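Dumped input-v2.txt below, it's compact mmCIF, C-alpha atoms:
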# COMPACT_ATOMS: atom_id res chain seq x y z
CA MET X 1 -8.11 30.91 -13.82
CA SER X 2 -4.31 30.97 -13.66
CA LYS X 3 -2.27 28.53 -11.60
CA TRP X 4 -1.20 29.73 -8.15
CA TYR X 5 2.48 30.00 -9.13
CA LEU X 6 1.63 32.58 -11.81
CA ASN X 7 0.21 34.98 -9.22
CA PRO X 8 2.25 37.74 -7.55
CA GLY X 9 3.04 37.49 -3.84
CA SER X 10 4.87 39.32 -1.08
CA ASN X 11 8.68 39.27 -1.52
CA ASP X 12 8.29 37.03 -4.56
CA ASP X 13 11.64 38.18 -5.94
CA ILE X 14 13.26 35.95 -3.29
CA VAL X 15 10.40 33.85 -1.88
CA LEU X 16 9.18 31.41 -4.53
CA SER X 17 6.34 29.88 -2.56
CA THR X 18 4.64 29.33 0.78
CA ARG X 19 3.18 25.98 1.81
CA ILE X 20 0.97 25.04 4.75
CA ARG X 21 0.44 21.34 5.36
CA LEU X 22 -1.77 19.72 8.01
CA ALA X 23 -1.53 16.02 8.87
CA ARG X 24 -4.75 14.36 10.06
CA ASN X 25 -5.90 10.80 10.79
CA LEU X 26 -9.28 9.24 11.52
CA SER X 27 -9.83 7.60 14.89
CA SER X 28 -11.93 4.83 13.31
CA LEU X 29 -9.11 3.49 11.12
CA PRO X 30 -5.57 2.23 11.80
CA PHE X 31 -2.63 4.25 10.55
CA GLN X 32 -1.97 4.06 6.82
CA SER X 33 0.82 1.47 7.05
CA ARG X 34 -1.55 -1.03 8.74
CA MET X 35 -4.67 -0.46 6.65
CA THR X 36 -6.22 -3.10 4.43
CA PRO X 37 -7.16 -2.27 0.82
CA GLU X 38 -10.82 -2.17 1.89
CA GLN X 39 -10.05 0.33 4.66
CA LYS X 40 -8.09 2.51 2.24
CA LYS X 41 -11.08 2.57 -0.09
CA GLU X 42 -13.32 3.45 2.84
CA LEU X 43 -11.02 6.35 3.75
CA CYS X 44 -11.13 7.76 0.23
CA GLN X 45 -14.93 7.52 0.18
CA LYS X 46 -15.25 9.30 3.53
CA VAL X 47 -13.02 12.20 2.50
CA ARG X 48 -14.71 12.55 -0.87
CA ALA X 49 -18.13 12.70 0.78
CA ALA X 50 -16.95 15.25 3.36
CA LEU X 51 -15.66 17.63 0.68
CA GLN X 52 -18.42 17.31 -1.91
CA GLY X 53 -20.25 20.38 -0.67
CA VAL X 54 -17.26 22.72 -0.27
CA ASN X 55 -17.84 26.01 -2.08
CA LEU X 56 -14.61 27.65 -3.27
CA GLY X 57 -16.22 29.67 -6.05
CA ASP X 58 -14.44 29.26 -9.39
CA ASN X 59 -11.60 27.41 -7.69
CA LYS X 60 -13.58 24.19 -7.48
CA LEU X 61 -12.19 20.88 -6.27
CA SER X 62 -11.59 17.83 -8.44
CA PHE X 63 -11.24 14.26 -7.16
CA ILE X 64 -8.48 12.27 -8.86
CA GLU X 65 -7.79 8.59 -8.31
CA MET X 66 -4.03 8.33 -8.32
CA ASN X 67 -4.03 5.03 -10.21
CA SER X 68 -5.79 6.82 -13.08
CA LEU X 69 -2.64 8.86 -13.73
CA SER X 70 0.44 7.69 -15.60
CA ASP X 71 3.87 7.58 -13.99
CA THR X 72 4.89 10.74 -15.82
CA GLN X 73 1.71 12.57 -14.81
CA ARG X 74 2.38 11.74 -11.17
CA LEU X 75 6.02 12.81 -11.50
CA ALA X 76 4.92 16.13 -13.00
CA LEU X 77 2.76 16.72 -9.91
CA VAL X 78 5.80 16.08 -7.70
CA GLU X 79 7.83 18.58 -9.73
CA THR X 80 5.31 21.34 -8.99
CA HIS X 81 5.17 20.30 -5.30
CA THR X 82 1.48 19.44 -5.73
CA ILE X 83 2.09 16.02 -4.19
CA SER X 84 4.94 14.53 -2.20
CA PRO X 85 7.40 12.04 -3.75
CA GLU X 86 6.05 9.41 -1.31
CA PHE X 87 2.48 9.91 -2.54
CA MET X 88 3.57 9.21 -6.12
CA ASP X 89 4.50 5.60 -5.40
CA SER X 90 2.01 2.71 -5.04
CA PRO X 91 -0.95 4.74 -6.36
CA GLU X 92 -3.63 2.10 -5.64
CA ASN X 93 -6.38 3.35 -3.27
CA LYS X 94 -4.98 6.87 -3.07
CA LEU X 95 -7.06 9.97 -3.76
CA LEU X 96 -5.88 13.46 -4.72
CA VAL X 97 -8.26 16.35 -4.14
CA LEU X 98 -7.03 19.22 -6.29
CA SER X 99 -8.35 22.74 -6.81
CA LYS X 100 -8.61 24.30 -10.25
CA ASP X 101 -5.64 26.64 -9.77
CA GLU X 102 -3.74 23.85 -7.92
CA ASP X 103 -3.17 25.92 -4.78
CA ILE X 104 -5.09 23.32 -2.74
CA SER X 105 -4.08 19.68 -2.82
CA ILE X 106 -5.34 17.14 -0.32
CA MET X 107 -3.49 13.83 -0.35
CA VAL X 108 -5.59 10.94 0.95
CA GLY X 109 -3.51 7.88 1.74
CA GLU X 110 -0.05 9.34 2.19
CA GLU X 111 1.91 8.66 5.41
CA ASP X 112 -1.12 10.00 7.28
CA HIS X 113 -4.73 9.45 6.26
CA ILE X 114 -5.10 13.08 5.16
CA ARG X 115 -2.53 15.69 4.19
CA ILE X 116 -4.14 19.09 3.61
CA GLN X 117 -1.79 21.29 1.59
CA VAL X 118 -2.21 24.94 0.58
CA MET X 119 0.28 26.75 -1.65
CA ARG X 120 0.79 30.46 -2.24
CA SER X 121 3.17 32.51 -4.35
CA GLY X 122 5.58 34.62 -2.31
CA LEU X 123 5.56 34.97 1.48
CA GLU X 124 1.89 34.46 2.38
CA LEU X 125 1.91 32.23 5.47
CA ASN X 126 -1.13 33.67 7.24
CA ASP X 127 -3.30 33.58 4.13
CA ALA X 128 -2.32 29.98 3.38
CA LEU X 129 -2.99 28.97 7.00
CA LYS X 130 -6.44 30.56 6.86
CA THR X 131 -7.41 28.45 3.83
CA ALA X 132 -5.93 25.28 5.33
CA ASP X 133 -7.88 25.83 8.55
CA LEU X 134 -11.10 26.33 6.56
CA LEU X 135 -10.67 22.96 4.85
CA ASP X 136 -9.62 21.34 8.12
CA ASN X 137 -12.82 22.56 9.79
CA VAL X 138 -14.96 21.25 6.93
CA LEU X 139 -13.43 17.79 7.27
CA ASP X 140 -13.65 17.90 11.06
CA GLU X 141 -17.42 18.47 10.88
CA THR X 142 -18.06 14.97 9.52
CA LEU X 143 -14.85 13.00 10.19
CA ASP X 144 -13.75 11.93 13.66
CA TYR X 145 -10.09 12.92 13.91
CA ALA X 146 -7.64 10.95 16.05
CA PHE X 147 -6.93 13.46 18.83
CA SER X 148 -5.50 13.39 22.32
CA GLU X 149 -6.03 16.12 24.92
CA GLN X 150 -2.42 15.62 25.99
CA LEU X 151 -0.69 15.08 22.62
CA GLY X 152 -2.95 16.92 20.19
CA PHE X 153 -3.52 15.44 16.72
CA LEU X 154 -2.19 11.88 16.51
CA THR X 155 0.06 11.28 13.50
CA ALA X 156 1.90 8.35 11.94
CA CYS X 157 5.25 9.98 12.65
CA PRO X 158 5.79 11.25 16.23
CA THR X 159 7.56 14.36 14.92
CA ASN X 160 4.18 15.65 13.66
CA LEU X 161 2.29 15.16 16.94
CA GLY X 162 0.46 18.20 18.30
CA THR X 163 -0.63 20.62 15.61
CA GLY X 164 0.29 18.30 12.73
CA LEU X 165 1.45 21.49 11.01
CA ARG X 166 4.34 21.83 8.61
CA ALA X 167 4.74 25.39 7.40
CA SER X 168 7.36 25.82 4.68
CA VAL X 169 8.75 28.67 2.63
CA MET X 170 10.80 28.11 -0.55
CA LEU X 171 13.49 30.74 -1.06
CA HIS X 172 15.91 31.55 -3.84
CA LEU X 173 19.27 32.09 -2.10
CA PRO X 174 22.00 32.26 -4.77
CA ALA X 175 24.18 34.80 -2.92
CA LEU X 176 24.13 32.98 0.41
CA GLU X 177 24.89 29.75 -1.44
CA GLN X 178 27.74 31.38 -3.35
CA ALA X 179 29.14 32.79 -0.10
CA GLY X 180 29.11 29.34 1.51
CA ALA X 181 26.73 30.57 4.21
CA ILE X 182 24.02 27.90 4.00
CA ASN X 183 25.55 25.58 6.60
CA GLN X 184 25.87 28.43 9.08
CA LEU X 185 22.29 29.47 8.37
CA ALA X 186 21.12 25.88 8.97
CA SER X 187 22.92 25.80 12.32
CA THR X 188 21.40 29.11 13.39
CA ILE X 189 17.80 28.34 12.52
CA SER X 190 17.93 24.82 14.00
CA LYS X 191 18.39 26.42 17.41
CA LEU X 192 15.07 28.19 16.89
CA GLY X 193 13.07 25.05 16.07
CA LEU X 194 13.33 25.46 12.30
CA THR X 195 15.14 23.53 9.59
CA ILE X 196 16.45 24.20 6.08
CA ARG X 197 16.26 21.54 3.37
CA GLY X 198 16.71 21.11 -0.36
CA THR X 199 14.18 21.82 -3.09
CA TYR X 200 12.06 18.70 -2.50
CA GLY X 201 12.35 18.51 1.28
CA GLU X 202 14.25 16.18 3.56
CA GLY X 203 17.19 14.40 1.95
CA SER X 204 17.01 16.34 -1.32
CA ASP X 205 19.55 18.67 -2.90
CA ALA X 206 18.96 22.35 -3.60
CA LYS X 207 18.24 22.89 -7.30
CA GLY X 208 18.90 26.33 -8.70
CA ALA X 209 19.75 27.66 -5.22
CA GLN X 210 16.21 26.92 -3.99
CA TYR X 211 16.00 26.13 -0.28
CA GLN X 212 13.02 25.24 1.90
CA ILE X 213 12.77 26.56 5.46
CA SER X 214 10.13 25.00 7.70
CA ASN X 215 9.13 24.52 11.31
CA GLN X 216 10.23 21.44 13.24
CA ILE X 217 8.32 21.88 16.50
CA THR X 218 4.66 20.81 16.42
CA LEU X 219 4.07 19.83 20.05
CA GLY X 220 3.41 22.39 22.77
CA ILE X 221 3.02 25.28 20.34
CA SER X 222 0.02 26.72 18.49
CA GLU X 223 -0.27 26.85 14.71
CA GLU X 224 -0.24 30.64 14.86
CA MET X 225 2.95 30.77 16.92
CA ALA X 226 4.71 28.29 14.63
CA VAL X 227 3.80 30.40 11.61
CA GLN X 228 4.85 33.61 13.36
CA ASN X 229 8.27 32.15 14.22
CA LEU X 230 8.78 31.03 10.63
CA GLN X 231 7.66 34.40 9.24
CA SER X 232 10.14 36.24 11.45
CA MET X 233 13.07 34.02 10.45
CA VAL X 234 12.25 34.15 6.74
CA GLU X 235 12.19 37.95 6.85
CA GLN X 236 15.68 37.86 8.37
CA VAL X 237 16.93 35.45 5.72
CA ILE X 238 15.54 37.70 2.97
CA ALA X 239 17.52 40.61 4.42
CA GLN X 240 20.66 38.45 4.63
CA GLU X 241 20.29 37.36 1.00
CA LYS X 242 19.92 40.96 -0.17
CA ASN X 243 23.02 42.01 1.75
CA ALA X 244 24.96 39.00 0.47
CA ARG X 245 24.17 39.91 -3.13
CA LYS X 246 25.98 43.22 -2.67
CA ALA X 247 28.98 41.47 -1.11
CA VAL X 248 29.24 38.54 -3.53
CA TRP X 249 28.78 40.67 -6.66
CA PRO X 250 30.14 44.13 -5.70
CA GLN X 251 30.77 44.98 -9.37
CA PRO X 252 27.40 45.35 -11.18
CA MET X 253 28.96 44.65 -14.58
CA ARG X 254 30.22 41.22 -13.47
CA LEU X 255 26.73 40.14 -12.34
CA GLU X 256 25.16 41.56 -15.50
CA ASP X 257 27.61 39.52 -17.57
CA ILE X 258 26.66 36.31 -15.74
CA VAL X 259 22.94 37.00 -16.18
CA TRP X 260 23.15 37.85 -19.88
CA ARG X 261 25.44 34.91 -20.64
CA SER X 262 22.93 32.62 -18.92
CA LEU X 263 20.11 34.05 -21.02
CA GLY X 264 22.15 33.57 -24.19
CA LEU X 265 22.75 29.90 -23.41
CA LEU X 266 19.08 29.28 -22.64
CA GLN X 267 17.97 31.05 -25.83
CA ASN X 268 20.32 29.06 -28.06
CA ALA X 269 20.99 25.64 -26.54
CA ARG X 270 19.84 22.63 -28.56
CA MET X 271 20.24 20.16 -25.69
CA ILE X 272 20.31 20.95 -21.99
CA SER X 273 20.08 18.88 -18.82
CA GLY X 274 17.64 19.64 -16.04
CA LYS X 275 20.48 20.50 -13.67
CA GLU X 276 22.10 22.99 -16.03
CA ALA X 277 18.74 24.54 -16.90
CA GLU X 278 17.93 25.12 -13.23
CA GLU X 279 21.34 26.69 -12.63
CA LEU X 280 20.97 29.08 -15.57
CA LEU X 281 17.38 29.94 -14.65
CA SER X 282 18.64 30.72 -11.16
CA TYR X 283 20.83 33.46 -12.64
CA LEU X 284 17.88 34.74 -14.67
CA ARG X 285 15.77 34.85 -11.53
CA LEU X 286 18.56 36.80 -9.85
CA GLY X 287 18.74 39.15 -12.82
CA VAL X 288 14.99 39.83 -12.68
CA SER X 289 15.20 40.47 -8.93
CA MET X 290 18.09 42.91 -9.42
CA GLY X 291 16.38 44.77 -12.27
CA ILE X 292 18.88 43.59 -14.89
CA LEU X 293 16.57 41.75 -17.31
CA PRO X 294 13.83 43.80 -18.98
CA GLY X 295 10.68 42.11 -20.18
CA VAL X 296 10.97 39.11 -17.85
CA THR X 297 8.94 38.58 -14.68
CA VAL X 298 9.19 36.27 -11.70
CA GLN X 299 5.89 34.74 -12.76
CA THR X 300 7.29 33.97 -16.23
CA LEU X 301 10.15 32.02 -14.67
CA ASN X 302 7.83 30.29 -12.20
CA GLY X 303 5.68 29.02 -15.04
CA LEU X 304 8.69 28.00 -17.12
CA SER X 305 10.11 25.92 -14.25
CA THR X 306 6.94 23.80 -14.24
CA LYS X 307 7.43 22.87 -17.91
CA ILE X 308 11.02 21.58 -17.99
CA GLY X 309 11.03 18.75 -15.44
CA ALA X 310 11.34 15.19 -16.70
CA GLY X 311 7.74 14.38 -15.79
CA ALA X 312 6.31 17.51 -17.40
CA LEU X 313 8.27 17.00 -20.61
CA CYS X 314 7.09 13.40 -20.98
CA ARG X 315 3.52 14.31 -20.02
CA ASP X 316 3.33 17.12 -22.57
CA SER X 317 4.96 14.97 -25.26
CA LYS X 318 2.46 12.22 -24.46
CA LYS X 319 5.20 9.59 -24.44
CA ASN X 320 8.18 8.45 -22.39
CA LEU X 321 11.28 10.28 -23.57
CA SER X 322 14.85 9.06 -23.31
CA PRO X 323 17.31 11.29 -21.39
CA ASP X 324 18.67 12.72 -24.66
CA GLU X 325 15.15 13.34 -25.96
CA ARG X 326 14.26 15.13 -22.74
CA ASP X 327 17.35 17.32 -23.01
CA GLU X 328 16.43 18.19 -26.58
CA LYS X 329 12.78 18.90 -25.74
CA ARG X 330 13.79 20.96 -22.68
CA ALA X 331 16.05 23.13 -24.79
CA ALA X 332 13.25 23.67 -27.32
CA VAL X 333 10.81 24.73 -24.59
CA LEU X 334 13.35 27.16 -23.13
CA ARG X 335 14.14 28.68 -26.53
CA GLN X 336 10.48 29.20 -27.30
CA GLU X 337 9.56 30.67 -23.91
CA LEU X 338 12.59 32.97 -23.70
CA GLN X 339 12.96 34.03 -27.33
CA THR X 340 11.91 37.64 -26.60
CA ALA X 341 13.41 37.87 -23.11
CA GLY X 342 15.80 40.75 -22.54
CA ARG X 343 14.49 42.86 -25.41
CA THR X 344 13.51 46.43 -24.60

In structure tokens, what does this structure look like?
Amino acid sequence: MSKWYLNPGSNDDIVLSTRIRLARNLSSLPFQSRMTPEQKKELCQKVRAALQGVNLGDNKLSFIEMNSLSDTQRLALVETHTISPEFMDSPENKLLVLSKDEDISIMVGEEDHIRIQVMRSGLELNDALKTADLLDNVLDETLDYAFSEQLGFLTACPTNLGTGLRASVMLHLPALEQAGAINQLASTISKLGLTIRGTYGEGSDAKGAQYQISNQITLGISEEMAVQNLQSMVEQVIAQEKNARKAVWPQPMRLEDIVWRSLGLLQNARMISGKEAEELLSYLRLGVSMGILPGVTVQTLNGLSTKIGAGALCRDSKKNLSPDERDEKRAAVLRQELQTAGRT
């Protein structure tokens, strides 16, 4: 079974991924920040027991104690957005429930007791929400959620009260970025209860022109309406990005030159930083989307991106690498994966 990011999805030439996340807490336990080690262990046991009988066919769930993973293994999971950066730290008494293709990850012991997360390739909000709701219902059958008739699901952070839903879409927006239109886009969507952030969420920078758009309003609105609002805005942003590509690069030969030069650097570099690699891969992704690069697919680039982060490089090398060693290893991975790219 292939990983979720290797699967095709709607509008996947611009939309890298869809994520649905539900925040839930148990009424019988205090919020995570006030729990004792014994209570944290109890929480992990309760969630594990509630999910033991879930039947997802071949996409079965695994239960991973976070303290059983090395620092680099945890960092690699952050790099693929499988877990949050916050969940990586202080791994004691934290449980990760992960499906075989990694599209489902349930973080037990993050800011909230339970964070149900479902990922999809491309723009697949409704499908991801359906799976998240299925898992939510399974947990709700045996766990007593903290819920208020007036406020909805009770969460550690007041901004998640109500549905506890965070729906996010990761987009590749090189033309809008090049045109300096991201700030204007952020201002526009904020008026509609949405927000735009960097690659790893709040407070992070955009790497390789990858931006995350998500809902902000969780109180007084249904999950379905929140997802519908996000879907509508993302479709508009996709159209804006396509139009911007024609305006920013009106001469096809100029864009082709940028794309092919980027490929040449990636195929021949002996050392390359993560930042430079992401920037060059962004141009390759643009080239694939515009039909410039033969023999390369969006899925190829998605898979490659998961192999060149600092955590992934150290994990696969089975040792901690120095910055220079990582740059050397990253270049080797890129050369190997892209050696036949662009050949007809």

Problem - d(CA of Met225 (chain X), CA of Ser168 (chain X)) in Å - result: 13.9 Å

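For the point (2.4, 28.7, 7.0) in file coordinates, the residues within 7 Å, using all atoms listed in the file, are Thr18, Arg19, Ile20, Leu125, Asn126, Ala128, Leu129, Ala167, Ser168 and Val227 of chain X.
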
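Between CA of Glu102 (chain X) and CA of Met119 (chain X) there is a distance of 8.0 Å.
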
Completion exercise
If you count only C-alpha atoms, the residue of X:Gln150, X:Gln231, X:Leu61, X:Ala156 closest to Arg34 (chain X) turns out to be X:Ala156

Practice task
Between X:Asn137, X:Ser33, X:Ser99, X:Asn160, single out the one closest to Glu111 (chain X), counting all atoms listed in the file.
Solution key: X:Ser33

Practice task
Excluding Ala277 (chain X) and residues on its chain fewer than 2 positions from it, collect all residues at most 9 Å away from it, counting all atoms listed in the file, and give them as a ChimeraX atom specification.
Solution key: /X:208,266,272-275,279-282,308,330-331,334

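For the choices X:Ser2, X:Asp127, X:Ser232, X:Ala146, the atom-to-atom distance to Asp58 (chain X) is smallest for X:Ser2 when using all atoms listed in the file.
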
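The interatomic distance for the pair CA of Asp205 (chain X) and CA of Ser190 (chain X) works out to 18.1 Å.
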
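Between Glu141 (chain X) and the residues X:Phe87, X:Pro294, X:Val47, X:Met66, the shortest atom-to-atom distance, using only C-alpha atoms, involves X:Val47.
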
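Of the listed residues (X:Leu75, X:Asn25, X:Leu165, X:Ala181), X:Asn25 comes nearest to Gly109 (chain X); the distances count only C-alpha atoms.
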
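By chain and then residue number, the residues within 12 Å of Thr300 (chain X) are Lys3, Tyr5, Leu6, Asn7, Pro8, Asp13, Leu281, Leu284, Arg285, Val288, Gly295, Val296, Thr297, Gly303, Leu304, Ser305, Thr306, Lys307, Leu334, Glu337, Leu338, Thr340 and Ala341 of chain X, counting only C-alpha atoms and disregarding those fewer than 3 positions away in sequence.
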
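Shortest separation to Asn55 (chain X) among X:Val138, X:Thr218, X:Asp324, X:Glu38 occurs at residue X:Val138, atoms counted being all atoms listed in the file.
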
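Look at Leu255 (chain X): the protein and nucleic acid residues within 12 Å of it, using all atoms listed in the file and passing over chain neighbours fewer than 3 places away, are Pro174, Ala175, Arg245, Lys246, Ala247, Val248, Trp249, Pro250, Gln251, Pro252, Ile258, Val259, Trp260, Arg261, Ser262, Tyr283, Leu284, Leu286, Gly287, Val288, Met290, Gly291, Ile292 and Leu293 of chain X.
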